>>> print(open('structure-v5.csv').read())   # CSV, C-alpha atoms and all ligand atoms
chain,number,residue,atom,x,y,z
X,1,MET,CA,-115.2,-48.2,72.5
X,2,SER,CA,-111.9,-49.9,72.7
X,3,PRO,CA,-112.1,-53.6,72.9
X,4,GLU,CA,-109.6,-53.9,75.7
X,5,PRO,CA,-110.5,-52.6,79.1
X,6,LEU,CA,-108.1,-50.0,80.7
X,7,LEU,CA,-108.2,-52.0,83.9
X,8,GLU,CA,-108.9,-55.6,84.3
X,9,ALA,CA,-108.8,-57.2,87.8
X,10,THR,CA,-109.7,-60.8,88.0
X,11,GLY,CA,-110.1,-63.2,90.9
X,12,ILE,CA,-108.5,-60.7,93.3
X,13,GLY,CA,-108.0,-62.0,96.9
X,14,LYS,CA,-106.4,-60.4,99.8
X,15,ALA,CA,-106.1,-62.4,103.0
X,16,PHE,CA,-105.0,-61.2,106.4
X,17,GLY,CA,-104.2,-64.5,108.1
X,18,ALA,CA,-107.3,-66.7,107.7
X,19,PHE,CA,-109.5,-63.7,107.1
X,20,ARG,CA,-110.3,-62.9,103.5
X,21,ALA,CA,-110.9,-59.1,103.2
X,22,VAL,CA,-111.2,-59.4,99.5
X,23,ASP,CA,-112.3,-62.8,98.1
X,24,ASP,CA,-112.4,-63.5,94.3
X,25,ALA,CA,-113.4,-60.0,93.3
X,26,GLY,CA,-113.2,-58.9,89.7
X,27,LEU,CA,-113.7,-55.6,87.9
X,28,ALA,CA,-113.1,-54.4,84.4
X,29,VAL,CA,-113.2,-50.7,83.6
X,30,ARG,CA,-113.2,-49.1,80.1
X,31,GLU,CA,-111.3,-46.0,79.4
X,32,GLY,CA,-113.5,-43.0,80.1
X,33,GLU,CA,-115.8,-44.7,82.5
X,34,ILE,CA,-116.9,-43.5,86.0
X,35,VAL,CA,-117.5,-46.6,88.1
X,36,GLY,CA,-119.1,-46.3,91.5
X,37,LEU,CA,-117.9,-48.9,94.0
X,38,ILE,CA,-120.3,-49.2,97.0
X,39,GLY,CA,-120.9,-51.6,99.8
X,40,PRO,CA,-121.2,-51.6,103.6
X,41,ASN,CA,-118.3,-50.8,105.9
X,42,GLY,CA,-115.8,-53.5,106.0
X,43,ALA,CA,-116.8,-54.9,102.6
X,44,GLY,CA,-113.2,-54.7,101.4
X,45,LYS,CA,-113.4,-51.7,99.1
X,46,SER,CA,-110.3,-49.9,100.5
X,47,THR,CA,-108.4,-53.2,100.5
X,48,PHE,CA,-109.4,-53.7,96.9
X,49,PHE,CA,-108.2,-50.2,96.1
X,50,ASN,CA,-104.9,-50.9,97.9
X,51,CYS,CA,-104.4,-53.9,95.6
X,52,LEU,CA,-105.2,-51.9,92.5
X,53,ALA,CA,-102.9,-49.0,93.5
X,54,GLY,CA,-100.1,-51.4,94.5
X,55,ASP,CA,-100.2,-50.3,98.2
X,56,ALA,CA,-101.0,-54.0,99.0
X,57,GLN,CA,-100.1,-57.1,97.1
X,58,PRO,CA,-103.1,-59.3,96.4
X,59,THR,CA,-102.8,-62.9,97.7
X,60,ALA,CA,-104.7,-64.1,94.6
X,61,GLY,CA,-105.7,-62.9,91.2
X,62,ARG,CA,-104.3,-60.8,88.4
X,63,ILE,CA,-104.4,-57.0,87.7
X,64,VAL,CA,-103.8,-55.9,84.1
X,65,PHE,CA,-103.6,-52.1,83.4
X,66,ALA,CA,-103.3,-50.7,79.9
X,67,GLY,CA,-102.3,-54.2,78.7
X,68,LYS,CA,-99.5,-54.6,81.3
X,69,ASP,CA,-99.6,-57.1,84.2
X,70,VAL,CA,-99.0,-55.0,87.4
X,71,THR,CA,-100.3,-57.5,89.9
X,72,ARG,CA,-97.0,-57.8,91.9
X,73,ALA,CA,-95.6,-54.4,91.0
X,74,PRO,CA,-94.9,-51.9,93.8
X,75,ALA,CA,-96.9,-48.7,94.2
X,76,ASP,CA,-94.5,-46.4,92.3
X,77,ALA,CA,-94.8,-48.7,89.3
X,78,HIS,CA,-98.6,-48.5,89.4
X,79,ALA,CA,-98.3,-44.7,89.6
X,80,ARG,CA,-95.9,-44.6,86.7
X,81,ALA,CA,-98.3,-46.9,84.7
X,82,GLY,CA,-101.0,-44.3,85.3
X,83,ILE,CA,-103.0,-45.4,88.4
X,84,ALA,CA,-103.4,-42.7,91.1
X,85,ARG,CA,-105.5,-42.8,94.3
X,86,SER,CA,-106.7,-40.8,97.2
X,87,PHE,CA,-106.7,-42.3,100.6
X,88,GLN,CA,-109.8,-42.7,102.8
X,89,VAL,CA,-107.8,-41.1,105.6
X,90,PRO,CA,-105.9,-38.3,103.9
X,91,VAL,CA,-102.1,-38.8,104.0
X,92,THR,CA,-100.6,-35.3,103.9
X,93,PHE,CA,-97.1,-34.0,104.8
X,94,GLU,CA,-98.4,-31.8,107.6
X,95,ASP,CA,-95.4,-29.5,107.9
X,96,MET,CA,-95.2,-28.9,104.2
X,97,THR,CA,-97.3,-26.3,102.3
X,98,VAL,CA,-100.2,-27.3,100.2
X,99,LEU,CA,-98.1,-26.5,97.0
X,100,GLU,CA,-95.2,-28.6,98.3
X,101,ASN,CA,-97.5,-31.6,99.0
X,102,VAL,CA,-98.8,-31.5,95.4
X,103,MET,CA,-95.3,-31.1,94.1
X,104,VAL,CA,-94.5,-34.5,95.7
X,105,GLY,CA,-97.0,-36.0,93.2
X,106,ALA,CA,-95.7,-33.9,90.3
X,107,PHE,CA,-92.1,-35.2,90.8
X,108,LEU,CA,-93.3,-38.6,89.5
X,109,ARG,CA,-93.0,-37.2,86.0
X,110,GLN,CA,-91.2,-33.9,86.3
X,111,SER,CA,-87.5,-34.1,87.3
X,112,HIS,CA,-87.0,-30.4,87.5
X,113,ARG,CA,-88.2,-28.4,90.4
X,114,ASN,CA,-89.6,-25.6,88.4
X,115,ASP,CA,-91.6,-28.0,86.1
X,116,ALA,CA,-92.9,-29.8,89.2
X,117,ARG,CA,-94.0,-26.5,90.7
X,118,ALA,CA,-95.7,-25.4,87.5
X,119,ARG,CA,-97.5,-28.7,87.3
X,120,ALA,CA,-98.5,-28.5,90.9
X,121,ARG,CA,-99.9,-25.0,90.5
X,122,GLU,CA,-102.0,-26.1,87.6
X,123,MET,CA,-103.5,-28.9,89.8
X,124,LEU,CA,-104.2,-26.4,92.6
X,125,GLU,CA,-106.0,-24.3,90.1
X,126,ALA,CA,-108.0,-27.3,88.9
X,127,THR,CA,-109.0,-28.3,92.4
X,128,GLY,CA,-109.7,-24.8,93.7
X,129,LEU,CA,-106.8,-24.7,96.1
X,130,THR,CA,-104.7,-21.9,94.6
X,131,ARG,CA,-105.5,-19.5,97.4
X,132,LEU,CA,-104.2,-22.1,99.9
X,133,ALA,CA,-101.0,-22.8,98.1
X,134,ASP,CA,-98.7,-21.5,100.8
X,135,THR,CA,-100.7,-22.7,103.7
X,136,ARG,CA,-99.3,-25.4,105.9
X,137,ALA,CA,-101.1,-28.6,105.0
X,138,GLY,CA,-101.5,-29.5,108.7
X,139,SER,CA,-103.8,-26.5,109.2
X,140,LEU,CA,-106.3,-27.6,106.5
X,141,GLY,CA,-109.8,-28.7,107.4
X,142,THR,CA,-111.5,-31.8,106.0
X,143,PRO,CA,-112.6,-30.3,102.6
X,144,GLY,CA,-109.2,-28.8,102.0
X,145,ARG,CA,-107.5,-32.1,102.9
X,146,LYS,CA,-109.8,-34.1,100.5
X,147,ARG,CA,-109.0,-31.6,97.7
X,148,LEU,CA,-105.3,-31.8,98.5
X,149,GLU,CA,-105.4,-35.6,98.2
X,150,ILE,CA,-107.1,-35.2,94.8
X,151,ALA,CA,-104.6,-32.5,93.6
X,152,ARG,CA,-101.6,-34.6,94.6
X,153,ALA,CA,-103.0,-37.7,92.8
X,154,LEU,CA,-103.8,-35.6,89.7
X,155,ALA,CA,-100.3,-34.2,89.7
X,156,THR,CA,-99.0,-37.7,88.8
X,157,GLU,CA,-100.9,-37.4,85.5
X,158,PRO,CA,-103.0,-40.6,85.9
X,159,ARG,CA,-105.1,-42.3,83.4
X,160,LEU,CA,-107.1,-43.9,86.2
X,161,LEU,CA,-108.0,-42.2,89.4
X,162,LEU,CA,-109.3,-44.1,92.4
X,163,LEU,CA,-111.2,-42.0,94.9
X,164,ASP,CA,-111.7,-43.5,98.3
X,165,GLU,CA,-114.5,-41.7,100.1
X,166,ALA,CA,-113.1,-38.4,98.8
X,167,LEU,CA,-116.4,-36.7,99.5
X,168,ALA,CA,-117.0,-38.1,103.0
X,169,GLY,CA,-117.3,-35.5,105.8
X,170,LEU,CA,-118.2,-32.7,103.5
X,171,THR,CA,-121.3,-30.5,103.9
X,172,PRO,CA,-124.0,-30.8,101.2
X,173,THR,CA,-122.7,-27.6,99.5
X,174,GLU,CA,-119.1,-29.0,99.6
X,175,VAL,CA,-120.4,-32.3,98.2
X,176,GLN,CA,-122.0,-30.4,95.3
X,177,GLU,CA,-118.7,-28.6,94.6
X,178,ALA,CA,-116.8,-31.9,94.8
X,179,ILE,CA,-119.2,-33.5,92.3
X,180,GLY,CA,-118.3,-30.6,90.0
X,181,LEU,CA,-114.7,-31.3,90.6
X,182,VAL,CA,-115.0,-35.0,89.8
X,183,ARG,CA,-116.9,-34.1,86.5
X,184,SER,CA,-114.1,-31.7,85.5
X,185,ILE,CA,-111.5,-34.5,86.2
X,186,HIS,CA,-113.5,-36.8,84.0
X,187,ALA,CA,-113.7,-34.1,81.3
X,188,ARG,CA,-109.8,-34.2,81.3
X,189,GLY,CA,-110.1,-37.7,80.0
X,190,ILE,CA,-109.4,-39.4,83.2
X,191,THR,CA,-111.2,-42.7,84.1
X,192,LEU,CA,-112.5,-42.9,87.6
X,193,ILE,CA,-113.5,-45.5,90.2
X,194,ILE,CA,-115.1,-43.8,93.2
X,195,VAL,CA,-115.9,-45.4,96.5
X,196,GLU,CA,-118.7,-43.3,98.1
X,197,HIS,CA,-121.3,-43.9,100.7
X,198,ILE,CA,-123.5,-41.0,99.6
X,199,MET,CA,-125.9,-42.6,97.1
X,200,GLU,CA,-126.7,-39.3,95.6
X,201,VAL,CA,-123.1,-39.0,94.5
X,202,ILE,CA,-123.0,-42.4,92.9
X,203,LEU,CA,-126.4,-41.8,91.2
X,204,SER,CA,-125.3,-38.5,89.8
X,205,LEU,CA,-121.7,-39.4,88.7
X,206,ALA,CA,-121.4,-43.1,88.0
X,207,GLU,CA,-122.4,-44.8,84.8
X,208,ARG,CA,-122.1,-48.2,86.5
X,209,ALA,CA,-122.1,-49.3,90.1
X,210,VAL,CA,-120.3,-52.3,91.5
X,211,VAL,CA,-121.4,-53.6,94.9
X,212,PHE,CA,-119.0,-55.2,97.3
X,213,ASN,CA,-120.1,-57.3,100.3
X,214,GLN,CA,-117.8,-59.4,102.4
X,215,GLY,CA,-115.0,-59.1,99.9
X,216,ARG,CA,-117.0,-60.1,96.9
X,217,VAL,CA,-118.8,-58.4,94.1
X,218,ILE,CA,-122.5,-59.1,94.7
X,219,ALA,CA,-124.1,-56.9,92.1
X,220,GLU,CA,-123.2,-54.7,89.2
X,221,GLY,CA,-125.1,-52.6,86.7
X,222,PRO,CA,-126.7,-49.2,86.2
X,223,PRO,CA,-126.6,-47.4,89.6
X,224,ARG,CA,-130.4,-46.9,89.8
X,225,ALA,CA,-131.1,-50.6,89.2
X,226,VAL,CA,-128.3,-51.7,91.6
X,227,VAL,CA,-129.6,-49.7,94.6
X,228,ASP,CA,-133.0,-51.2,94.1
X,229,ASP,CA,-131.5,-54.8,94.0
X,230,PRO,CA,-132.9,-56.8,96.9
X,231,ALA,CA,-129.5,-58.5,97.4
X,232,VAL,CA,-127.9,-55.1,97.8
X,233,ILE,CA,-130.5,-53.8,100.2
X,234,GLU,CA,-130.1,-57.0,102.2
X,235,ALA,CA,-126.3,-56.4,102.4
X,236,TYR,CA,-126.8,-53.0,103.8
X,237,LEU,CA,-129.7,-53.8,106.0
X,238,GLY,CA,-128.0,-56.9,107.4
X,239,ARG,CA,-125.2,-54.7,108.6
X,240,SER,CA,-127.4,-52.1,110.2
X,241,MET,CA,-129.6,-54.8,111.9
X,242,ARG,CA,-126.5,-56.4,113.3
X,243,ARG,CA,-125.2,-53.1,114.5
X,244,ARG,CA,-128.5,-52.4,116.2
X,245,THR,CA,-128.5,-55.7,118.0
X,246,ALA,CA,-124.8,-55.8,118.8
X,247,PRO,CA,-123.4,-52.2,119.2
X,248,PRO,CA,-119.6,-52.1,119.1
V,1,LIG,P1,-114.2,-51.0,103.4
V,1,LIG,O1,-113.2,-50.0,102.8
V,1,LIG,O2,-115.1,-51.6,102.4
V,1,LIG,O3,-114.9,-50.4,104.6
V,1,LIG,P2,-111.8,-52.4,104.2
V,1,LIG,O4,-111.1,-52.8,102.9
V,1,LIG,O5,-111.2,-51.2,104.9
V,1,LIG,O6,-113.3,-52.3,104.0
V,1,LIG,O7,-111.7,-53.6,105.2
V,1,LIG,C1,-112.2,-54.9,104.9
V,1,LIG,C2,-111.9,-55.8,106.0
V,1,LIG,O8,-110.6,-56.1,106.1
V,1,LIG,C3,-112.3,-55.2,107.4
V,1,LIG,O9,-112.9,-56.3,108.2
V,1,LIG,C4,-111.0,-54.8,108.0
V,1,LIG,O10,-111.0,-54.8,109.4
V,1,LIG,C5,-110.1,-55.8,107.4
V,1,LIG,N1,-108.7,-55.3,107.2
V,1,LIG,C6,-108.3,-54.2,106.4
V,1,LIG,N2,-107.0,-54.0,106.5
V,1,LIG,C7,-106.5,-55.0,107.3
V,1,LIG,C8,-105.2,-55.3,107.8
V,1,LIG,N3,-104.1,-54.6,107.4
V,1,LIG,N4,-105.1,-56.3,108.6
V,1,LIG,C9,-106.2,-57.0,109.0
V,1,LIG,N5,-107.4,-56.8,108.6
V,1,LIG,C10,-107.6,-55.8,107.8
V,2,MG,MG,-112.9,-48.1,103.1
>>> encode(input="structure-v5.csv", output="structure tokens")
Amino acid sequence: MSPEPLLEATGIGKAFGAFRAVDDAGLAVREGEIVGLIGPNGAGKSTFFNCLAGDAQPTAGRIVFAGKDVTRAPADAHARAGIARSFQVPVTFEDMTVLENVMVGAFLRQSHRNDARARAREMLEATGLTRLADTRAGSLGTPGRKRLEIARALATEPRLLLLDEALAGLTPTEVQEAIGLVRSIHARGITLIIVEHIMEVILSLAERAVVFNQGRVIAEGPPRAVVDDPAVIEAYLGRSMRRRTAPP
């Protein structure tokens, strides 16, 4: 085990006006780990990912990746450093083909078109999308879009991949396939942080679970122990109780 974590985020805050979506959250991830990030809706998980990926600038704290301070660096610098992410709501270039979408990711490190295409094809193969290579991205269903997001992220050759509900909206069979895909990504030596609501996914993939609630980390540890933690149960129940009494 290397003494230095691959990622170390400390005291991260992200405020929108007076509202603190992320409030003094910290996370250290070792190279080769799969960390599950869970918590009720609105806990700040996606906002935290935005900070880690450089899609949002934290209003407090520090992010060190592979020994380099990337706290205020723009998204492309995070990508070049080796952090890639999928979006909770897939961001695809609808009128481009699946292959072309993945090439966008590949261009981060390949400056020649043919190299980018070759790299993209490899990622389509790895994510089971080869047969859809020439399909217009806009015509894909949910499972295809989720895979496309992952393929494009992988094409940037990341060391750390952040998956934001990449398995949401999939059928149980598709979830099982996606679990296999995540395992194969991990087997390539890529470190992962996965945000997922399906506990079965966290329990079968993550070595460690980190629980967010109201912008803070409220629990952390082996997934099985964490889901049985009364504070965690309370965080989830508190939400569903409120939702029951005050429907949106
Ligand atoms: P999660 O991913 O855990 O469901 P989010 O990070 O999406 O949570 O959101 C955390 C909180 O921050 C929510 O209350 C959300 O409404 C709020 N929020 C997220 N992005 C913005 C924004 N750009 N402006 C204002 N509030 C935001
Ligand atoms: Mg989210």
>>> residues_around(input="structure-v5.csv", residues="range 27-30 of chain X", least_positions_apart="6", cutoff="7 Å", atoms="all atoms listed in the file", output="ChimeraX atom specification")
/X:5-10
>>> axis_aligned_box(input="structure-v5.csv", around="ligand LIG 1 (chain V)", padding_each_side="4 Å", output="JSON")
{"center_x": -109.6, "center_y": -53.5, "center_z": 105.9, "size_x": 19.0, "size_y": 15.0, "size_z": 15.0}
>>> residues_near_ligand(input="structure-v5.csv", ligand="ligand LIG 1 (chain V)", cutoff="9 Å", atoms="all atoms listed in the file", output="count of residues only")
30
>>> atom_distance(input="structure-v5.csv", atom1="CA of Gly13 in chain X", atom2="CA of Ala60 in chain X")
4.5 Å
>>> atom_distance(input="structure-v5.csv", atom1="CA of Ala231 in chain X", atom2="CA of Leu167 in chain X")
25.5 Å
>>> atom_distance(input="structure-v5.csv", atom1="CA of Val91 in chain X", atom2="CA of Phe65 in chain X")
24.6 Å
>>> residues_around(input="structure-v5.csv", residues="Glu100 in chain X", least_positions_apart="2", cutoff="12 Å", atoms="all atoms listed in the file", output="number ranges by chain")
X: 92-98, 102-107, 113-114, 116-121, 123-124, 132-137, 148, 151-152, 155
>>> residues_around(input="structure-v5.csv", residues="Cys51 in chain X", least_positions_apart="6", cutoff="9 Å", atoms="only C-alpha atoms", output="list in words")
Ile12, Gly13, Lys14, Gln57, Pro58, Ile63 and Thr71 of chain X
>>> closest_residue(input="structure-v5.csv", among="X:Ala187, X:Val232, X:Leu163, X:Ala209", to="Ser86 in chain X", atoms="all atoms listed in the file")
X:Leu163
>>> closest_residue(input="structure-v5.csv", among="X:His197, X:Lys146, X:Arg208, X:Arg224", to="ligand MG 2 (chain V)", atoms="all atoms listed in the file")
X:His197
>>> closest_residue(input="structure-v5.csv", among="X:Val182, X:Ala168, X:Leu129, X:Ala25", to="Thr142 in chain X", atoms="only C-alpha atoms")
X:Ala168
>>> closest_residue(input="structure-v5.csv", among="X:Leu52, X:Ile233, X:Leu37, X:Leu170", to="ligand MG 2 (chain V)", atoms="all atoms listed in the file")
X:Leu37
>>> decode(input="structure-v5.csv", residues="range 176-189 of chain X", atoms="all heavy atoms", output="PDB file, in the first residue's frame")
ATOM      1  N   GLN X 176     -26.650  -6.171 -13.141  1.00  0.00           N
ATOM      2  CA  GLN X 176     -25.648  -7.229 -13.001  1.00  0.00           C
ATOM      3  C   GLN X 176     -24.548  -7.080 -14.049  1.00  0.00           C
ATOM      4  O   GLN X 176     -23.363  -7.216 -13.756  1.00  0.00           O
ATOM      5  CB  GLN X 176     -26.296  -8.621 -13.093  1.00  0.00           C
ATOM      6  CG  GLN X 176     -27.117  -9.003 -11.861  1.00  0.00           C
ATOM      7  CD  GLN X 176     -26.388  -8.773 -10.540  1.00  0.00           C
ATOM      8  OE1 GLN X 176     -25.218  -9.140 -10.389  1.00  0.00           O
ATOM      9  NE2 GLN X 176     -27.041  -8.127  -9.584  1.00  0.00           N
ATOM     10  N   GLU X 177     -24.956  -6.761 -15.285  1.00  0.00           N
ATOM     11  CA  GLU X 177     -23.966  -6.560 -16.355  1.00  0.00           C
ATOM     12  C   GLU X 177     -23.070  -5.367 -16.040  1.00  0.00           C
ATOM     13  O   GLU X 177     -21.861  -5.402 -16.258  1.00  0.00           O
ATOM     14  CB  GLU X 177     -24.673  -6.333 -17.700  1.00  0.00           C
ATOM     15  CG  GLU X 177     -25.280  -7.598 -18.265  1.00  0.00           C
ATOM     16  CD  GLU X 177     -26.253  -7.321 -19.420  1.00  0.00           C
ATOM     17  OE1 GLU X 177     -26.404  -6.143 -19.812  1.00  0.00           O
ATOM     18  OE2 GLU X 177     -26.842  -8.294 -19.914  1.00  0.00           O
ATOM     19  N   ALA X 178     -23.700  -4.304 -15.509  1.00  0.00           N
ATOM     20  CA  ALA X 178     -22.937  -3.096 -15.199  1.00  0.00           C
ATOM     21  C   ALA X 178     -21.966  -3.343 -14.038  1.00  0.00           C
ATOM     22  O   ALA X 178     -20.860  -2.793 -14.029  1.00  0.00           O
ATOM     23  CB  ALA X 178     -23.885  -1.943 -14.875  1.00  0.00           C
ATOM     24  N   ILE X 179     -22.369  -4.190 -13.081  1.00  0.00           N
ATOM     25  CA  ILE X 179     -21.452  -4.548 -11.988  1.00  0.00           C
ATOM     26  C   ILE X 179     -20.220  -5.238 -12.581  1.00  0.00           C
ATOM     27  O   ILE X 179     -19.079  -4.943 -12.200  1.00  0.00           O
ATOM     28  CB  ILE X 179     -22.162  -5.453 -10.944  1.00  0.00           C
ATOM     29  CG1 ILE X 179     -23.157  -4.616 -10.119  1.00  0.00           C
ATOM     30  CG2 ILE X 179     -21.148  -6.145 -10.023  1.00  0.00           C
ATOM     31  CD1 ILE X 179     -23.985  -5.400  -9.117  1.00  0.00           C
ATOM     32  N   GLY X 180     -20.460  -6.119 -13.553  1.00  0.00           N
ATOM     33  CA  GLY X 180     -19.352  -6.792 -14.247  1.00  0.00           C
ATOM     34  C   GLY X 180     -18.451  -5.782 -14.947  1.00  0.00           C
ATOM     35  O   GLY X 180     -17.218  -5.899 -14.919  1.00  0.00           O
ATOM     36  N   LEU X 181     -19.077  -4.777 -15.550  1.00  0.00           N
ATOM     37  CA  LEU X 181     -18.308  -3.735 -16.243  1.00  0.00           C
ATOM     38  C   LEU X 181     -17.428  -2.957 -15.255  1.00  0.00           C
ATOM     39  O   LEU X 181     -16.242  -2.724 -15.510  1.00  0.00           O
ATOM     40  CB  LEU X 181     -19.269  -2.797 -16.987  1.00  0.00           C
ATOM     41  CG  LEU X 181     -18.649  -1.552 -17.628  1.00  0.00           C
ATOM     42  CD1 LEU X 181     -17.570  -1.934 -18.638  1.00  0.00           C
ATOM     43  CD2 LEU X 181     -19.735  -0.708 -18.302  1.00  0.00           C
ATOM     44  N   VAL X 182     -18.004  -2.594 -14.108  1.00  0.00           N
ATOM     45  CA  VAL X 182     -17.229  -1.859 -13.102  1.00  0.00           C
ATOM     46  C   VAL X 182     -16.050  -2.709 -12.618  1.00  0.00           C
ATOM     47  O   VAL X 182     -14.923  -2.223 -12.481  1.00  0.00           O
ATOM     48  CB  VAL X 182     -18.112  -1.418 -11.906  1.00  0.00           C
ATOM     49  CG1 VAL X 182     -17.260  -0.817 -10.792  1.00  0.00           C
ATOM     50  CG2 VAL X 182     -19.170  -0.421 -12.366  1.00  0.00           C
ATOM     51  N   ARG X 183     -16.300  -4.015 -12.428  1.00  0.00           N
ATOM     52  CA  ARG X 183     -15.209  -4.904 -12.002  1.00  0.00           C
ATOM     53  C   ARG X 183     -14.097  -4.941 -13.050  1.00  0.00           C
ATOM     54  O   ARG X 183     -12.911  -4.945 -12.713  1.00  0.00           O
ATOM     55  CB  ARG X 183     -15.734  -6.335 -11.790  1.00  0.00           C
ATOM     56  CG  ARG X 183     -16.576  -6.462 -10.546  1.00  0.00           C
ATOM     57  CD  ARG X 183     -16.330  -7.804  -9.823  1.00  0.00           C
ATOM     58  NE  ARG X 183     -17.014  -7.778  -8.533  1.00  0.00           N
ATOM     59  CZ  ARG X 183     -18.246  -8.242  -8.351  1.00  0.00           C
ATOM     60  NH1 ARG X 183     -18.891  -8.810  -9.353  1.00  0.00           N
ATOM     61  NH2 ARG X 183     -18.809  -8.160  -7.165  1.00  0.00           N
ATOM     62  N   SER X 184     -14.484  -4.962 -14.338  1.00  0.00           N
ATOM     63  CA  SER X 184     -13.453  -5.028 -15.379  1.00  0.00           C
ATOM     64  C   SER X 184     -12.669  -3.717 -15.456  1.00  0.00           C
ATOM     65  O   SER X 184     -11.479  -3.714 -15.750  1.00  0.00           O
ATOM     66  CB  SER X 184     -14.067  -5.402 -16.733  1.00  0.00           C
ATOM     67  OG  SER X 184     -14.829  -4.332 -17.250  1.00  0.00           O
ATOM     68  N   ILE X 185     -13.341  -2.598 -15.156  1.00  0.00           N
ATOM     69  CA  ILE X 185     -12.644  -1.302 -15.123  1.00  0.00           C
ATOM     70  C   ILE X 185     -11.629  -1.306 -13.984  1.00  0.00           C
ATOM     71  O   ILE X 185     -10.481  -0.903 -14.139  1.00  0.00           O
ATOM     72  CB  ILE X 185     -13.659  -0.145 -14.950  1.00  0.00           C
ATOM     73  CG1 ILE X 185     -14.530  -0.022 -16.198  1.00  0.00           C
ATOM     74  CG2 ILE X 185     -12.945   1.169 -14.648  1.00  0.00           C
ATOM     75  CD1 ILE X 185     -15.739   0.888 -16.021  1.00  0.00           C
ATOM     76  N   HIS X 186     -12.062  -1.809 -12.840  1.00  0.00           N
ATOM     77  CA  HIS X 186     -11.181  -1.893 -11.671  1.00  0.00           C
ATOM     78  C   HIS X 186      -9.976  -2.800 -11.972  1.00  0.00           C
ATOM     79  O   HIS X 186      -8.847  -2.494 -11.586  1.00  0.00           O
ATOM     80  CB  HIS X 186     -11.988  -2.424 -10.474  1.00  0.00           C
ATOM     81  CG  HIS X 186     -11.228  -2.426  -9.196  1.00  0.00           C
ATOM     82  ND1 HIS X 186     -11.051  -3.559  -8.438  1.00  0.00           N
ATOM     83  CD2 HIS X 186     -10.582  -1.435  -8.540  1.00  0.00           C
ATOM     84  CE1 HIS X 186     -10.337  -3.265  -7.366  1.00  0.00           C
ATOM     85  NE2 HIS X 186     -10.035  -1.978  -7.405  1.00  0.00           N
ATOM     86  N   ALA X 187     -10.243  -3.884 -12.711  1.00  0.00           N
ATOM     87  CA  ALA X 187      -9.169  -4.824 -13.059  1.00  0.00           C
ATOM     88  C   ALA X 187      -8.128  -4.177 -13.983  1.00  0.00           C
ATOM     89  O   ALA X 187      -6.991  -4.652 -14.074  1.00  0.00           O
ATOM     90  CB  ALA X 187      -9.754  -6.072 -13.720  1.00  0.00           C
ATOM     91  N   ARG X 188      -8.504  -3.087 -14.662  1.00  0.00           N
ATOM     92  CA  ARG X 188      -7.535  -2.348 -15.486  1.00  0.00           C
ATOM     93  C   ARG X 188      -6.622  -1.480 -14.623  1.00  0.00           C
ATOM     94  O   ARG X 188      -5.777  -0.770 -15.141  1.00  0.00           O
ATOM     95  CB  ARG X 188      -8.270  -1.364 -16.411  1.00  0.00           C
ATOM     96  CG  ARG X 188      -8.986  -1.976 -17.561  1.00  0.00           C
ATOM     97  CD  ARG X 188      -9.808  -0.901 -18.278  1.00  0.00           C
ATOM     98  NE  ARG X 188     -10.342  -1.441 -19.509  1.00  0.00           N
ATOM     99  CZ  ARG X 188      -9.778  -1.286 -20.714  1.00  0.00           C
ATOM    100  NH1 ARG X 188      -8.714  -0.529 -20.850  1.00  0.00           N
ATOM    101  NH2 ARG X 188     -10.296  -1.852 -21.763  1.00  0.00           N
ATOM    102  N   GLY X 189      -6.868  -1.486 -13.315  1.00  0.00           N
ATOM    103  CA  GLY X 189      -6.019  -0.702 -12.415  1.00  0.00           C
ATOM    104  C   GLY X 189      -6.581   0.671 -12.111  1.00  0.00           C
ATOM    105  O   GLY X 189      -5.884   1.532 -11.572  1.00  0.00           O
TER     106      GLY X 189
END
